[in-house]
Amino acid sequence: MFLINVKEEKRRLRAKYKKLRAACPPDVKERLDRGLTELVLSLPEYAQAQTLFIFVSTPIECDTSQMISDAFKKGKRVAVPRCVDKSGKLDFYYIRSTDDLISGMFSLLEPDAQKCERVTDFSSGLCIVPGLCFDLEGYRVGFGKGYYDRFLDNFGGVTAGICYAKYTVKQLPRGAHDRHTDILVTERFVNRNQ
């Protein structure tokens, strides 16, 4: 048996999946996003959640725009992350519309902290977790900054990782600080890890 260097293997996987995602044709991505969104919106955990903790997607991530729109339509509170600094800490803020978003750290769309209310209660809700790839146990390879792993340490609600089925694997390398999601949702299946 051989030991792998988890950091090095994750770095390799991160580069591989960034490249694959960037090469995905727009029409294929749109179809995958549509199927993924339908499954997320059909989750009983989504129906029951009064607050949706969700990231605003970038072009290579699973599109979250329709999930955000649906949450607004259904009267849910929508909480979006803001990178506090480069130390890996996220704050979440409630937004009332996408007009509350501004360009933030890493050029990500984030809530305007001057206009939005900061979330202080993380005891419940559904958190949609990003990742470049996931395994069937809900572990992921993200963008390498550790923001979500730190956040999930103190989150008391349900977590759902979203990923396209072709970017899921049986098992990923993991370190001591990695956190898995309760649910993995792809455009083809929902896998529960509780």
# chains A, B, ... in the order shown; residues from 1 in each chain; ligands from 1
$ residues_around --residues "Lys145 (chain A)" --least-positions-apart "4" --cutoff "10 Å" --atoms "only C-alpha atoms" --output "PyMOL selection string"
chain A and resi 86-89+149-150
$ write_last_selection --atoms "N, CA and C atoms" --output "tab-separated table (two decimals), in the first residue's frame"
chain	number	residue	atom	x	y	z
A	86	LYS	N	-8.53	37.03	3.11
A	86	LYS	CA	-7.91	35.85	2.48
A	86	LYS	C	-7.58	34.75	3.48
A	87	SER	N	-8.02	34.91	4.73
A	87	SER	CA	-7.73	33.91	5.77
A	87	SER	C	-8.64	32.69	5.69
A	88	GLY	N	-9.68	32.76	4.87
A	88	GLY	CA	-10.57	31.61	4.73
A	88	GLY	C	-11.87	31.74	5.48
A	89	LYS	N	-12.23	32.93	5.95
A	89	LYS	CA	-13.48	33.11	6.70
A	89	LYS	C	-14.57	33.68	5.79
A	149	ASP	N	-15.10	24.55	4.10
A	149	ASP	CA	-14.81	23.59	5.17
A	149	ASP	C	-14.85	24.29	6.53
A	150	ARG	N	-14.29	25.49	6.60
A	150	ARG	CA	-14.33	26.25	7.86
A	150	ARG	C	-15.77	26.61	8.23
$ closest_atom_pairs --of "region 54-100 of chain A" --to "region 163-168 of chain A" --cutoff "10 Å" --atoms "only C-alpha atoms" --output "JSON lines"
{"residue": "A:Glu61", "atom": "CA", "partner": "A:Cys163", "partner_atom": "CA", "distance": 8.3}
{"residue": "A:Cys62", "atom": "CA", "partner": "A:Cys163", "partner_atom": "CA", "distance": 6.5}
{"residue": "A:Asp63", "atom": "CA", "partner": "A:Cys163", "partner_atom": "CA", "distance": 9.9}
$ atom_distance --atom1 "CA of Phe55 (chain A)" --atom2 "CA of Asp112 (chain A)"
13.9 Å
$ select_by_dssp --residues "region 7-190 of chain A" --states "helix (DSSP H, G or I)" --output "number ranges by chain"
A: 7-22, 26-41, 44-48, 65-73, 98-100, 105-107, 147-152, 165-167
$ closest_atom_pairs --of "region 108-189 of chain A" --to "region 73-84 of chain A" --cutoff "12 Å" --atoms "only C-alpha atoms" --output "tab-separated table"
residue	atom	partner	partner_atom	distance
A:Leu108	CA	A:Arg82	CA	8.7
A:Leu109	CA	A:Arg82	CA	8.4
A:Glu110	CA	A:Arg82	CA	5.3
A:Pro111	CA	A:Arg82	CA	6.4
A:Asp112	CA	A:Arg82	CA	8.6
A:Ala113	CA	A:Arg82	CA	8.3
A:Cys116	CA	A:Ala79	CA	9.7
A:Glu117	CA	A:Ala79	CA	9.3
A:Arg118	CA	A:Ala79	CA	8.6
A:Val119	CA	A:Ala79	CA	7.3
A:Thr120	CA	A:Ala79	CA	10.7
A:Asp121	CA	A:Ala79	CA	10.9
A:Phe122	CA	A:Ala79	CA	10.4
A:Ser124	CA	A:Arg77	CA	11.8
A:Gly125	CA	A:Arg77	CA	9.4
A:Leu126	CA	A:Ala79	CA	10.0
A:Cys127	CA	A:Ala79	CA	9.0
A:Ile128	CA	A:Val80	CA	10.1
A:Val129	CA	A:Pro81	CA	10.8
A:Pro130	CA	A:Pro81	CA	11.6
A:Lys145	CA	A:Cys83	CA	10.6
A:Gly146	CA	A:Cys83	CA	11.2
A:Tyr147	CA	A:Cys83	CA	8.0
A:Tyr148	CA	A:Pro81	CA	9.7
A:Arg150	CA	A:Cys83	CA	11.9
A:Phe151	CA	A:Pro81	CA	9.9
$ residues_around --residues "region 15-19 of chain A" --least-positions-apart "3" --cutoff "12 Å" --atoms "only C-alpha atoms" --output "PyMOL selection string"
chain A and resi 8-12+22-24+58-61+131-134+140-144+163-164+166-169
$ write_last_selection --atoms "C-alpha atoms" --output "JSON list (two decimals), in the first residue's frame"
[["chain", "number", "residue", "atom", "x", "y", "z"],
["A", 8, "GLU", "CA", -0.63, 17.41, -4.06],
["A", 9, "GLU", "CA", -3.37, 15.05, -5.25],
["A", 10, "LYS", "CA", -6.04, 17.71, -4.61],
["A", 11, "ARG", "CA", -3.95, 20.25, -6.52],
["A", 12, "ARG", "CA", -3.80, 17.84, -9.47],
["A", 22, "ALA", "CA", -13.95, 25.38, -18.72],
["A", 23, "ALA", "CA", -14.12, 23.16, -21.83],
["A", 24, "CYS", "CA", -17.79, 22.20, -21.31],
["A", 58, "THR", "CA", -19.18, 31.74, -11.61],
["A", 59, "PRO", "CA", -19.19, 30.55, -15.25],
["A", 60, "ILE", "CA", -17.39, 27.25, -14.51],
["A", 61, "GLU", "CA", -19.59, 26.38, -11.51],
["A", 131, "GLY", "CA", -17.11, 22.12, -5.54],
["A", 132, "LEU", "CA", -15.11, 21.29, -8.65],
["A", 133, "CYS", "CA", -15.72, 17.60, -8.04],
["A", 134, "PHE", "CA", -17.39, 15.47, -5.35],
["A", 140, "ARG", "CA", -15.24, 17.58, -2.43],
["A", 141, "VAL", "CA", -12.35, 19.32, -4.06],
["A", 142, "GLY", "CA", -13.07, 23.04, -4.08],
["A", 143, "PHE", "CA", -10.98, 25.96, -5.21],
["A", 144, "GLY", "CA", -8.38, 25.34, -2.51],
["A", 163, "CYS", "CA", -21.94, 18.86, -9.03],
["A", 164, "TYR", "CA", -22.42, 17.41, -12.49],
["A", 166, "LYS", "CA", -19.51, 13.34, -14.79],
["A", 167, "TYR", "CA", -17.44, 15.18, -12.16],
["A", 168, "THR", "CA", -18.23, 12.76, -9.35],
["A", 169, "VAL", "CA", -15.94, 9.92, -8.32]]
$ atom_distance --atom1 "CA of Tyr94 (chain A)" --atom2 "CA of Glu137 (chain A)"
29.5 Å
$ residues_around --residues "Lys115 (chain A)" --least-positions-apart "4" --cutoff "12 Å" --atoms "only C-alpha atoms" --output "PyMOL selection string"
chain A and resi 93-97+99-102+110-111
$ write_last_selection --atoms "N, CA and C atoms" --output "compact mmCIF listing (two decimals), in the first residue's frame"
# COMPACT_ATOMS: atom_id res chain seq x y z
N TYR A 93 -24.68 37.06 4.26
CA TYR A 93 -25.60 38.20 4.36
C TYR A 93 -26.89 37.85 3.64
N TYR A 94 -28.01 38.32 4.19
CA TYR A 94 -29.29 38.16 3.52
C TYR A 94 -29.37 39.16 2.36
N ILE A 95 -29.80 38.67 1.21
CA ILE A 95 -30.04 39.58 0.09
C ILE A 95 -31.54 39.56 -0.22
N ARG A 96 -32.05 40.68 -0.70
CA ARG A 96 -33.46 40.77 -1.08
C ARG A 96 -33.63 40.62 -2.58
N SER A 97 -32.57 40.84 -3.33
CA SER A 97 -32.57 40.64 -4.78
C SER A 97 -31.12 40.60 -5.23
N ASP A 99 -29.80 42.66 -6.98
CA ASP A 99 -29.29 44.04 -6.98
C ASP A 99 -28.44 44.32 -5.74
N ASP A 100 -28.54 43.46 -4.73
CA ASP A 100 -27.76 43.62 -3.51
C ASP A 100 -26.32 43.09 -3.66
N LEU A 101 -25.97 42.59 -4.85
CA LEU A 101 -24.65 41.99 -5.08
C LEU A 101 -23.69 42.97 -5.72
N ILE A 102 -22.44 42.88 -5.29
CA ILE A 102 -21.37 43.69 -5.88
C ILE A 102 -20.15 42.78 -6.11
N GLU A 110 -20.71 39.21 -4.51
CA GLU A 110 -20.94 39.05 -3.07
C GLU A 110 -21.96 40.09 -2.61
N PRO A 111 -22.60 39.84 -1.46
CA PRO A 111 -23.53 40.83 -0.95
C PRO A 111 -22.81 42.12 -0.54
$ select_by_dssp --residues "chain A" --states "strand (DSSP E or B)" --output "ChimeraX atom specification"
/A:51-53,77-83,90-95,101-103,109-111,117-118,126-129,133-135,140-141,158-162,168-169,183-185,190-192
$ residues_around --residues "region 183-193 of chain A" --least-positions-apart "3" --cutoff "9 Å" --atoms "only C-alpha atoms" --output "JSON list (two decimals) with C-alpha atoms, in the first residue's frame"
[["chain", "number", "residue", "atom", "x", "y", "z"],
["A", 31, "ARG", "CA", -28.81, 21.21, -20.03],
["A", 32, "LEU", "CA", -26.82, 19.93, -17.02],
["A", 33, "ASP", "CA", -27.73, 23.03, -14.99],
["A", 34, "ARG", "CA", -31.42, 22.64, -15.81],
["A", 35, "GLY", "CA", -31.46, 19.00, -14.63],
["A", 36, "LEU", "CA", -29.44, 19.80, -11.51],
["A", 37, "THR", "CA", -31.68, 22.72, -10.57],
["A", 38, "GLU", "CA", -34.82, 20.56, -10.95],
["A", 39, "LEU", "CA", -33.42, 17.99, -8.53],
["A", 40, "VAL", "CA", -32.33, 20.59, -5.97],
["A", 43, "LEU", "CA", -35.56, 18.10, -2.36],
["A", 134, "PHE", "CA", -17.39, 15.47, -5.35],
["A", 135, "ASP", "CA", -17.25, 11.89, -4.23],
["A", 136, "LEU", "CA", -20.24, 9.74, -3.36],
["A", 137, "GLU", "CA", -19.73, 10.39, 0.37],
["A", 138, "GLY", "CA", -20.13, 14.14, -0.13],
["A", 158, "VAL", "CA", -28.53, 20.56, 6.07],
["A", 159, "THR", "CA", -25.77, 20.74, 3.47],
["A", 160, "ALA", "CA", -26.13, 19.82, -0.20],
["A", 161, "GLY", "CA", -23.15, 19.67, -2.54],
["A", 162, "ILE", "CA", -23.96, 20.31, -6.18],
["A", 163, "CYS", "CA", -21.94, 18.86, -9.03],
["A", 164, "TYR", "CA", -22.42, 17.41, -12.49],
["A", 165, "ALA", "CA", -22.52, 13.59, -12.48],
["A", 166, "LYS", "CA", -19.51, 13.34, -14.79],
["A", 168, "THR", "CA", -18.23, 12.76, -9.35],
["A", 180, "HIS", "CA", -18.62, 16.25, 3.74]]
$ atom_distance --atom1 "CA of Asn154 (chain A)" --atom2 "CA of Arg174 (chain A)"
19.1 Å
